[in-house]
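**Q** What follows is a single structure, and I will ask about it in a moment.
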Number of protein chains: 2
Amino acid sequence: MPSVLWVLFDGGGDRPKNGVTPFFAALKPVIDKLTSLGSCGIMDPISPGVRPGSDTSHLALFGYDPYKYYTGRGAFEALGAGLELRPGDVAFRTNLATVDARGIVVDRRAGRYVALEEAREVESLMADIGEEVERKFGVSVVYKSTVEHRGVLVLRGAVSHKVSDTDPHATGEAVRRAQPLDASSEAKLTADVVNYITEAFAERSKGLEANKRRASRGEPLINAVLLRGAGYMPEIEPLRKRYNVRGAAIAGVALIRGVAKAVGMDLYSAEGLGGTKFDKFEEAAKLAVELLKRYDLVFLHVKGTDSASHDGDFRGKVDVIERLDAALRPYEAILEENYVVVTSDHATPILVREHTGEPVPIMLYGPDVVRDDVGKFSELTCWRGALGRIRGLDVMPTIASYLGLSEKFGE
Amino acid sequence: MPSVLWVLFDGGGDRPKNGVTPFFAALKPVIDKLTSLGSCGIMDPISPGVRPGSDTSHLALFGYDPYKYYTGRGAFEALGAGLELRPGDVAFRTNLATVDARGIVVDRRAGRYVALEEAREVESLMADIGEEVERKFGVSVVYKSTVEHRGVLVLRGAVSHKVSDTDPHATGEAVRRAQPLDASSEAKLTADVVNYITEAFAERSKGLEANKRRASRGEPLINAVLLRGAGYMPEIEPLRKRYNVRGAAIAGVALIRGVAKAVGMDLYSAEGLGGTKFDKFEEAAKLAVELLKRYDLVFLHVKGTDSASHDGDFRGKVDVIERLDAALRPYEAILEENYVVVTSDHATPILVREHTGEPVPIMLYGPDVVRDDVGKFSELTCWRGALGRIRGLDVMPTIASYLGLSEKFGE
């Protein structure tokens, strides 16, 4: 039975610059041969013009409407930080901040630069506070620093996302008390827990080594934690159940691993596959081909195209595409016996350096797929193809149908 | 920063006649050059096969789902008559009619022909009745004649659209009493107001000069006003807020001006731009190009194509397109530095003389837009283009994304 290898170039889509795009410029004989044998089209990851994040886009591509399943940034930020979330868990985005003696926020970012050892010390303090919360409220707490002053806080227990922010979102204002936003006992408990954590942190952060050092240098203290954007982990019916597809994801980026895990894919890592434009793909390609034997769908996530785009690095983006293609070369014959999907989760044009809302090219190869006359995978060519213009949500049902795995709707 | 000029040919879409359409036949070097440099496609203003009105279509094109925002004809008819409507205002379509001594409708159109001075006299009577209503019920009333026996009536205050028609929709039946259609005090008040107006009009129309004249000639009297189609003005989040786009509309037609105003665009007029197939576009084009400096989006509405279509005038339709193109010619270089969208709000085929439901051609030009191989803007060519087949609701998000103004959905 054939399986599907799905290669996703994160932020791979682009706009023409001097008449070409990185996909068009890249020398990628394997992908282009499969393209010449398969069907092409363009895809709106969410819907035409909508600028997707990588989280909302991957949800859509895996077959889950992000307008239904994207339940607040907190949860997906926590997934992105590599935390495991279960349905019902409530997650917040957090800032380490500086307040004055009266509790007024003077710096929402505690000077912005937070060193790794400072972040570790804060995590350790939060772990202590979390143990108290567990004993006192029966709610478990996980806090993780992400970048600089930012982090995520996850609550698990009889909690609710219906609580207000403690972050005043402006300096010169006091840290707010969290308020329940509905009448449920869960919202009340969550507000109590949040306020307990906020107060405990305010009190006990005084003893942080980081603050002794910061005080001696006249730097902003880390003496408050601000919470915002409460979100909850939605109940997601796994891919296996929803599409009858056993999926594996090979990815180096925590957010993508988080989303893939949330939809029930098994996670794999490969040497060389991190999240930069310097990634190497030999091990990832080898692993992907091996996994084709055991899974219906193998999703290979390539972050480097997005990283190069945010840097405005055209040549770097081309190189990522060419390196991935070269890594697939030894397996060309095997790929031709299976299905292959190549696409992107959104455009990140080199000249814009941010996600944009135009459609991205998509290619579907398979032994029994209609062959159109597109011979090159790119924004400049795929629109002529046999797939027409589809949406991210259309991909998984299409894959499941070609694999012969999906249920018939009706008789 | 580039802006967008959006040229909309009302009813511009057509069906092939002897193998050509007006867009195909028209000599329009500016539009066709931009077409050759940009992306083309076809667009269903609402959805495939749906025959749009100009109001519902413009709502969709401005990014507002007409199934959600088109709240009864009354409101949009009143907008079309150039009345200013606020959210919550309730509007009715009205007929001036003739009833016999027992109040039975004998002519729903009072002979159909209503002279301008008769209409003005009726407006004046309605203004008097409106003053009484304001004093008595605290509801303000605006009545405006539109065409022949038709008009619109707008109520502002603690009113509701949940009231039944007074129009029996047939001759030989009595004028109906308006009934509240729910238990709200607003519906009750509205029914009371409507019945008061109906009765006051029946009584006081006896004194109209128009009726003295009509009686002397044996013509049907204007002695009843029939209300139908209560609609309310929806709460519409302005374009500026919804898409972060500052929009200006140049239009001569009241209905289009009304819809543009309802979505928060600034309105402009240009000499020569009325609503006929004889309109001249030099001033409109000049103004549009000036406004590009101050607005993100400049919408230029060309009614003449629709007017010619309703007349079945192929050559007249071609002429409108050619005159518009010629008016753009001095600004070709400026346009090439901005984005340009050319499309239509619906087809009005010359051979049908009515709005029809097939898709219309659309063209998007921009310095960083994918160039496809369509070199001519028309129904016969744009379907091959890189935009594929989109919907009216897709246009605004696409524009906002290219302008770099839209919010990202997710991280």
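In the structure tokens, each chain is lettered A, B, ... as it comes, each chain's residues begin at 1, and ligands are numbered from 1 in order of appearance.
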For chain B, report every residue with an atom at most 10 Å from chain A (counting only C-alpha atoms), formatted as a PyMOL selection string.

**A** chain B and resi 367-372+384-391+393-411

**Q** Using only N, CA and C atoms, please write the residues we just selected to a file, as a compact mmCIF listing (two decimals), in the first residue's frame.

**A**
```txt
# COMPACT_ATOMS: atom_id res chain seq x y z
N PRO B 367 3.11 45.62 -8.15
CA PRO B 367 4.53 45.43 -8.46
C PRO B 367 5.04 44.05 -8.05
N ASP B 368 4.41 43.44 -7.05
CA ASP B 368 4.90 42.14 -6.56
C ASP B 368 3.84 41.04 -6.68
N VAL B 369 2.95 41.21 -7.67
CA VAL B 369 1.92 40.21 -7.91
C VAL B 369 2.41 39.26 -9.01
N VAL B 370 2.08 37.99 -8.86
CA VAL B 370 2.46 36.98 -9.87
C VAL B 370 1.91 37.39 -11.24
N ARG B 371 2.76 37.34 -12.26
CA ARG B 371 2.33 37.67 -13.61
C ARG B 371 1.92 36.39 -14.31
N ASP B 372 0.66 36.34 -14.76
CA ASP B 372 0.25 35.15 -15.52
C ASP B 372 0.28 35.51 -17.01
N ARG B 384 -8.22 31.78 -17.29
CA ARG B 384 -6.95 31.03 -17.34
C ARG B 384 -5.94 31.54 -16.34
N GLY B 385 -6.27 32.62 -15.65
CA GLY B 385 -5.25 33.34 -14.90
C GLY B 385 -4.88 32.74 -13.56
N ALA B 386 -3.92 33.38 -12.92
CA ALA B 386 -3.30 32.86 -11.70
C ALA B 386 -4.16 33.01 -10.46
N LEU B 387 -5.23 33.80 -10.54
CA LEU B 387 -6.09 33.93 -9.35
C LEU B 387 -7.08 32.79 -9.22
N GLY B 388 -7.26 32.04 -10.31
CA GLY B 388 -8.27 30.99 -10.25
C GLY B 388 -9.65 31.57 -10.09
N ARG B 389 -10.47 30.90 -9.31
CA ARG B 389 -11.87 31.33 -9.11
C ARG B 389 -12.06 31.69 -7.65
N ILE B 390 -12.37 32.94 -7.43
CA ILE B 390 -12.53 33.41 -6.05
C ILE B 390 -13.94 33.97 -5.85
N ARG B 391 -14.19 34.46 -4.65
CA ARG B 391 -15.50 35.04 -4.35
C ARG B 391 -15.35 36.51 -3.98
N LEU B 393 -16.19 38.01 -1.37
CA LEU B 393 -15.69 38.21 -0.01
C LEU B 393 -14.18 38.06 0.10
N ASP B 394 -13.55 37.46 -0.91
CA ASP B 394 -12.09 37.26 -0.85
C ASP B 394 -11.30 38.51 -1.24
N VAL B 395 -11.96 39.47 -1.87
CA VAL B 395 -11.21 40.59 -2.44
C VAL B 395 -10.59 41.48 -1.36
N MET B 396 -11.38 41.89 -0.38
CA MET B 396 -10.85 42.81 0.63
C MET B 396 -9.69 42.20 1.43
N PRO B 397 -9.81 40.94 1.91
CA PRO B 397 -8.65 40.37 2.60
C PRO B 397 -7.40 40.32 1.72
N THR B 398 -7.59 40.05 0.45
CA THR B 398 -6.45 40.00 -0.47
C THR B 398 -5.80 41.38 -0.58
N ILE B 399 -6.64 42.40 -0.75
CA ILE B 399 -6.12 43.76 -0.83
C ILE B 399 -5.39 44.13 0.46
N ALA B 400 -6.02 43.85 1.59
CA ALA B 400 -5.42 44.23 2.88
C ALA B 400 -4.09 43.52 3.09
N SER B 401 -4.00 42.27 2.63
CA SER B 401 -2.74 41.54 2.77
C SER B 401 -1.64 42.15 1.90
N TYR B 402 -1.97 42.47 0.66
CA TYR B 402 -0.95 43.08 -0.21
C TYR B 402 -0.51 44.44 0.30
N LEU B 403 -1.44 45.17 0.90
CA LEU B 403 -1.06 46.47 1.45
C LEU B 403 -0.29 46.33 2.77
N GLY B 404 -0.21 45.11 3.27
CA GLY B 404 0.52 44.90 4.52
C GLY B 404 -0.22 45.44 5.73
N LEU B 405 -1.55 45.52 5.62
CA LEU B 405 -2.33 46.16 6.69
C LEU B 405 -3.06 45.17 7.59
N SER B 406 -3.22 43.93 7.14
CA SER B 406 -4.09 43.04 7.91
C SER B 406 -3.36 42.42 9.08
N GLU B 407 -4.13 42.02 10.05
CA GLU B 407 -3.59 41.33 11.22
C GLU B 407 -3.30 39.87 10.86
N LYS B 408 -2.28 39.33 11.50
CA LYS B 408 -2.01 37.92 11.32
C LYS B 408 -2.96 37.14 12.21
N PHE B 409 -3.45 36.01 11.72
CA PHE B 409 -4.31 35.13 12.50
C PHE B 409 -3.43 34.02 13.07
N GLY B 410 -3.13 34.09 14.34
CA GLY B 410 -2.24 33.11 14.95
C GLY B 410 -0.83 33.66 15.07
N GLU B 411 0.09 32.78 15.40
CA GLU B 411 1.47 33.20 15.66
C GLU B 411 2.41 32.86 14.51
```

**Q** If DSSP is run on the backbone, what residues of range 70-315 of chain B are alpha helix (DSSP H)? A reply as an NGL selection string would be ideal.

**A** :B and (73-80 or 116-137 or 185-204 or 209-217 or 239-242 or 254-262 or 282-291 or 304-310 or 314-315)

**Q** According to DSSP computed on the backbone, where in range 97-167 of chain B is there strand (DSSP E)? Give the residues as a PDB file with N, CA and C atoms, in the first residue's frame.

**A**
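File part_2.pdb, as written:
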```
ATOM      1  N   ALA B  97     -50.787  54.647  -3.079  1.00  0.00           N
ATOM      2  CA  ALA B  97     -51.827  53.790  -3.645  1.00  0.00           C
ATOM      3  C   ALA B  97     -53.180  54.493  -3.620  1.00  0.00           C
ATOM      4  N   THR B  98     -54.116  53.836  -4.248  1.00  0.00           N
ATOM      5  CA  THR B  98     -55.487  54.353  -4.296  1.00  0.00           C
ATOM      6  C   THR B  98     -56.431  53.368  -3.608  1.00  0.00           C
ATOM      7  N   VAL B  99     -57.216  53.869  -2.656  1.00  0.00           N
ATOM      8  CA  VAL B  99     -58.210  53.015  -1.995  1.00  0.00           C
ATOM      9  C   VAL B  99     -59.601  53.608  -2.250  1.00  0.00           C
ATOM     10  N   VAL B 105     -58.045  48.537  -1.393  1.00  0.00           N
ATOM     11  CA  VAL B 105     -57.060  48.984  -2.377  1.00  0.00           C
ATOM     12  C   VAL B 105     -57.576  48.711  -3.780  1.00  0.00           C
ATOM     13  N   VAL B 106     -57.660  49.755  -4.567  1.00  0.00           N
ATOM     14  CA  VAL B 106     -58.083  49.558  -5.959  1.00  0.00           C
ATOM     15  C   VAL B 106     -56.922  49.712  -6.931  1.00  0.00           C
ATOM     16  N   ASP B 107     -55.870  50.401  -6.517  1.00  0.00           N
ATOM     17  CA  ASP B 107     -54.675  50.511  -7.366  1.00  0.00           C
ATOM     18  C   ASP B 107     -53.467  50.631  -6.436  1.00  0.00           C
ATOM     19  N   SER B 140     -38.530  59.598  15.237  1.00  0.00           N
ATOM     20  CA  SER B 140     -38.432  60.520  14.110  1.00  0.00           C
ATOM     21  C   SER B 140     -38.655  59.774  12.798  1.00  0.00           C
ATOM     22  N   VAL B 141     -39.205  60.494  11.848  1.00  0.00           N
ATOM     23  CA  VAL B 141     -39.687  59.898  10.594  1.00  0.00           C
ATOM     24  C   VAL B 141     -39.087  60.659   9.421  1.00  0.00           C
ATOM     25  N   VAL B 142     -38.539  59.907   8.467  1.00  0.00           N
ATOM     26  CA  VAL B 142     -38.137  60.532   7.210  1.00  0.00           C
ATOM     27  C   VAL B 142     -38.779  59.751   6.073  1.00  0.00           C
ATOM     28  N   TYR B 143     -39.445  60.479   5.183  1.00  0.00           N
ATOM     29  CA  TYR B 143     -40.018  59.832   4.008  1.00  0.00           C
ATOM     30  C   TYR B 143     -39.406  60.461   2.769  1.00  0.00           C
ATOM     31  N   LYS B 144     -39.078  59.612   1.807  1.00  0.00           N
ATOM     32  CA  LYS B 144     -38.555  60.148   0.552  1.00  0.00           C
ATOM     33  C   LYS B 144     -39.143  59.392  -0.630  1.00  0.00           C
ATOM     34  N   SER B 145     -39.627  60.140  -1.608  1.00  0.00           N
ATOM     35  CA  SER B 145     -40.081  59.518  -2.853  1.00  0.00           C
ATOM     36  C   SER B 145     -38.863  59.093  -3.653  1.00  0.00           C
ATOM     37  N   ARG B 150     -43.145  54.921  -5.862  1.00  0.00           N
ATOM     38  CA  ARG B 150     -42.353  54.272  -4.828  1.00  0.00           C
ATOM     39  C   ARG B 150     -41.621  55.276  -3.927  1.00  0.00           C
ATOM     40  N   GLY B 151     -41.341  54.827  -2.716  1.00  0.00           N
ATOM     41  CA  GLY B 151     -40.581  55.656  -1.794  1.00  0.00           C
ATOM     42  C   GLY B 151     -40.041  54.821  -0.650  1.00  0.00           C
ATOM     43  N   VAL B 152     -39.381  55.482   0.274  1.00  0.00           N
ATOM     44  CA  VAL B 152     -38.879  54.802   1.470  1.00  0.00           C
ATOM     45  C   VAL B 152     -39.278  55.621   2.692  1.00  0.00           C
ATOM     46  N   LEU B 153     -39.493  54.897   3.793  1.00  0.00           N
ATOM     47  CA  LEU B 153     -39.862  55.529   5.045  1.00  0.00           C
ATOM     48  C   LEU B 153     -38.906  55.015   6.118  1.00  0.00           C
ATOM     49  N   VAL B 154     -38.268  55.929   6.804  1.00  0.00           N
ATOM     50  CA  VAL B 154     -37.297  55.525   7.823  1.00  0.00           C
ATOM     51  C   VAL B 154     -37.772  56.011   9.192  1.00  0.00           C
ATOM     52  N   LEU B 155     -37.718  55.104  10.175  1.00  0.00           N
ATOM     53  CA  LEU B 155     -38.063  55.437  11.557  1.00  0.00           C
ATOM     54  C   LEU B 155     -36.805  55.344  12.416  1.00  0.00           C
ATOM     55  N   ARG B 156     -36.626  56.333  13.269  1.00  0.00           N
ATOM     56  CA  ARG B 156     -35.465  56.298  14.167  1.00  0.00           C
ATOM     57  C   ARG B 156     -35.955  56.526  15.598  1.00  0.00           C
TER      58      ARG B 156
END
```

**Q** Can you pull out every residue within 8 Å of range 179-193 of chain A, counting only C-alpha atoms, but drop anything in the same chain fewer than 3 positions away, and send it as an mmCIF file with C-alpha atoms, in the first residue's frame?

**A**
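What follows is the written file part-v8.cif:
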```
data_model
loop_
_atom_site.group_PDB
_atom_site.id
_atom_site.type_symbol
_atom_site.label_atom_id
_atom_site.label_comp_id
_atom_site.auth_asym_id
_atom_site.auth_seq_id
_atom_site.Cartn_x
_atom_site.Cartn_y
_atom_site.Cartn_z
ATOM 1 C CA VAL A 133 -0.612 25.714 44.449
ATOM 2 C CA PHE A 137 -5.823 24.367 45.277
ATOM 3 C CA VAL A 139 -4.263 22.629 40.435
ATOM 4 C CA ALA A 158 -10.733 22.161 37.486
ATOM 5 C CA VAL A 159 -9.735 25.357 35.705
ATOM 6 C CA SER A 160 -11.237 27.664 33.085
ATOM 7 C CA HIS A 161 -9.896 30.136 30.527
ATOM 8 C CA LYS A 162 -12.642 32.552 31.531
ATOM 9 C CA VAL A 163 -10.407 34.808 33.597
ATOM 10 C CA SER A 164 -9.155 38.299 32.953
ATOM 11 C CA ASP A 165 -5.521 39.263 32.353
ATOM 12 C CA TYR A 196 -1.993 33.454 44.393
ATOM 13 C CA ILE A 197 0.808 32.884 41.890
#
```
